[in-house]
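J.: Following this message is one structure expressed as structure tokens.
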Amino acid sequence: MTLTDCAALIRHRARARCLPGHDEALFLHRLALTDLQERLGEVNRRFTAPAVVTGFPEVFGELSPAKVVPDDDLIALESNAHDLVVHAMSLHWASDPIGQLVQCRRALRPDGLCLVVLPGGRSLQELRTSLAEAEATVTGGLSPRVLPMGEIRDLGALMQRAGFALPVADSLVQTVEYRSFPALLADLRAAGETNALAGRLRHFTRRAVLAEAARIYAGSYSTSEGRLKATVELVFLTGWAPHESQQRPLRPGSARARLADALGVPEKPLPKDG
């Protein structure tokens, strides 16, 4: 299944770089960059061959001296060449996210680290709801408008399916406020995050749909000052290329001490059936 129209995504990103509000619209990407730098600072290791996979080299190129490559279907990284791979703010557009992660793992040396950051399932939940209700009201139907984003539990499972050891998933949720509905849409356009879904309608959205969406949004998600709230969620995925030195779970039944002894409580046998 093809999720993304890659040609449209490239056009949207190129257009966004020419818009006057582009740098300001990438505030979420810079927040992700800061968090990534903090996480790397907490790892007791010096990385000598890092690589970054991203559609936003103007932001994540700051993770120097990393090799920066685009988030193409085939990632331009050599096998077993890196001790750190960062996949930054692009995985949500991948039609084959597991394939992207598998390529990252293959690019890592044994015991190399992979860090992934992407928008999570709670991102833009207000916009999705408002647009869906507005389109159903005005046209009597629904069309793909906002990119579906994975929940943290499902995204964490992708790391395990891609063959990473010791996978961990966590998230950071922020609430952003906008002065108006058009300001929110302009921010998405300037960030290159407008609709590039392969199944999208190939014509401009009717004004009546946008007007109804703005009315619903203002009525349901306004602050006391009349500003519009928007939820953004960053999901961070961490995994290691397998290596024999890493911790491994014990085999079931291999314990050498009883839990009851460790807790200092009497052991009670389970009742027999029947």
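Residues are named by chain letter and number: chains run A, B, ... in the order of the structure tokens, numbers start at 1 in each chain, and ligands are numbered from 1 in the order shown.
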Please identify all polymer residues within 10 Å of Arg189 in chain A, counting only C-alpha atoms, omitting same-chain residues fewer than 3 positions from it, and present them as a list in words.

T.: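 Listed by chain and then number, they are His12, Arg13, Arg15, Ala16, Arg17, Leu19, Gly21, His22, Ala25, Ala183, Leu184, Leu185, Ala186, Gly192, Glu193, Thr194 and Asn195 of chain A.
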
J.: Keeping only C-alpha atoms, write the selected residues as a PDB file, in the first residue's frame.

T.:
```pdb
ATOM      1  CA  HIS A  12       5.687  20.739  -0.513  1.00  0.00           C
ATOM      2  CA  ARG A  13       9.043  20.738   1.282  1.00  0.00           C
ATOM      3  CA  ARG A  15       7.846  25.280  -1.490  1.00  0.00           C
ATOM      4  CA  ALA A  16       8.009  25.549   2.300  1.00  0.00           C
ATOM      5  CA  ARG A  17      11.697  26.530   2.201  1.00  0.00           C
ATOM      6  CA  LEU A  19       8.052  30.804   2.460  1.00  0.00           C
ATOM      7  CA  GLY A  21       7.702  31.735   7.972  1.00  0.00           C
ATOM      8  CA  HIS A  22       9.666  28.556   7.257  1.00  0.00           C
ATOM      9  CA  ALA A  25       7.323  26.855  11.500  1.00  0.00           C
ATOM     10  CA  ALA A 183      -2.555  30.695  11.045  1.00  0.00           C
ATOM     11  CA  LEU A 184      -2.471  26.985  11.935  1.00  0.00           C
ATOM     12  CA  LEU A 185      -2.808  25.959   8.281  1.00  0.00           C
ATOM     13  CA  ALA A 186      -0.123  28.468   7.267  1.00  0.00           C
ATOM     14  CA  GLY A 192       6.172  21.291   4.486  1.00  0.00           C
ATOM     15  CA  GLU A 193       3.600  19.139   6.296  1.00  0.00           C
ATOM     16  CA  THR A 194       0.532  19.713   4.115  1.00  0.00           C
ATOM     17  CA  ASN A 195      -1.453  16.907   2.512  1.00  0.00           C
TER      18      ASN A 195
END
```

J.: Using DSSP on the backbone coordinates, identify the residues of range 78-248 of chain A assigned to strand (DSSP E or B); present them as JSON, numbers by chain.

T.: {"A": [82, 83, 84, 85, 86, 87, 88, 108, 109, 110, 111, 112, 113, 114, 115, 116, 117, 118, 119, 165, 166, 167, 168, 169, 170, 171, 172, 173, 174, 175, 176, 177, 178, 197, 222, 228, 229, 230, 231, 232, 233, 234, 235, 236, 237, 238, 239, 240]}

J.: Could you tell me which of A:Leu131, A:Val168, A:Val209, A:Leu108 comes closest to Leu155 in chain A if we count only C-alpha atoms?

T.: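 Nearest candidate to Leu155 in chain A out of A:Leu131, A:Val168, A:Val209, A:Leu108: A:Val168.
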
J.: Which residue out of A:Phe164, A:Phe181, A:Phe236, A:Phe27 has the minimum interatomic distance to Arg215 in chain A when only C-alpha atoms are used?

T.: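 The answer is A:Phe181, which sits nearest to Arg215 in chain A.
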
J.: Within 10 Å of range 137-142 of chain A, which residues of range 190-260 of chain A come that close, and what is the closest atom pair and distance in Å for each? Count only C-alpha atoms and give it as CSV.

T.:
```
residue,atom,partner,partner_atom,distance
A:Arg206,CA,A:Val138,CA,9.1
A:Ala208,CA,A:Val138,CA,7.0
A:Val209,CA,A:Val138,CA,6.1
A:Leu210,CA,A:Val138,CA,9.8
A:Glu212,CA,A:Val138,CA,7.9
A:Ala213,CA,A:Thr137,CA,9.7
```

J.: Using only C-alpha atoms, determine which residues lie at most 10 Å from Pro65 in chain A, disregarding the query and same-chain residues fewer than 6 positions distant; provide the list as a list in words.

T.: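 Once the nearby chain positions are removed, what remains is Phe47, Thr48, Ala49, Pro50, Ala51 and Val52 of chain A.
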
J.: List the spatial neighbours of Met149 in chain A as a count of residues only - criterion: any atom at most 8 Å away, only C-alpha atoms, same-chain residues fewer than 2 positions off excluded.

T.: 8

J.: For a quick check of understanding, using only C-alpha atoms, which of A:Ala190, A:Ile216, A:Cys6, A:Leu237 has the smallest distance to Cys18 in chain A?

T.: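 Ranking A:Ala190, A:Ile216, A:Cys6, A:Leu237 by distance to Cys18 in chain A, first place goes to A:Ala190.
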
J.: Counting only C-alpha atoms, which of A:Pro271, A:Arg207, A:Ala257, A:Leu3 gets nearest to Ala134 in chain A?

T.: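 Using only C-alpha atoms, Ala134 in chain A sits closest to A:Arg207.
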
J.: As an exercise, work out the distance from CA of Ser220 in chain A to CA of Arg145 in chain A in Å and give it to one decimal place.

T.: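 Going from CA of Ser220 in chain A over to CA of Arg145 in chain A covers 19.5 Å.
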
J.: Leu113 in chain A: which residues within 8 Å, counting only C-alpha atoms, same-chain residues fewer than 4 positions away excluded, as a PyMOL selection string?

T.: chain A and resi 83-85+108+238-241

J.: Need to verify the contact set: Glu225 in chain A, 12 Å, only C-alpha atoms, exclusion of same-chain residues closer than 4 positions in sequence. Can you return it as an NGL selection string?

T.: :A and (177-180 or 218 or 221 or 229)

J.: What residues in range 69-258 of chain A get the DSSP label helix (DSSP H, G or I)? Please answer as an MDAnalysis selection string.

T.: chainID A and resid 91:93 97:107 125:139 152:161 181:190 207:220

J.: Distance CA of Gly150 in chain A-CA of Ala196 in chain A, one decimal place?

T.: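 For CA of Gly150 in chain A relative to CA of Ala196 in chain A, the distance reads 16.9 Å.
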
J.: Mind pulling up the distance from CA of Asp71 in chain A to CA of Met1 in chain A?

T.: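 Atom-to-atom, CA of Met1 in chain A and CA of Asp71 in chain A are spaced 17.9 Å apart.
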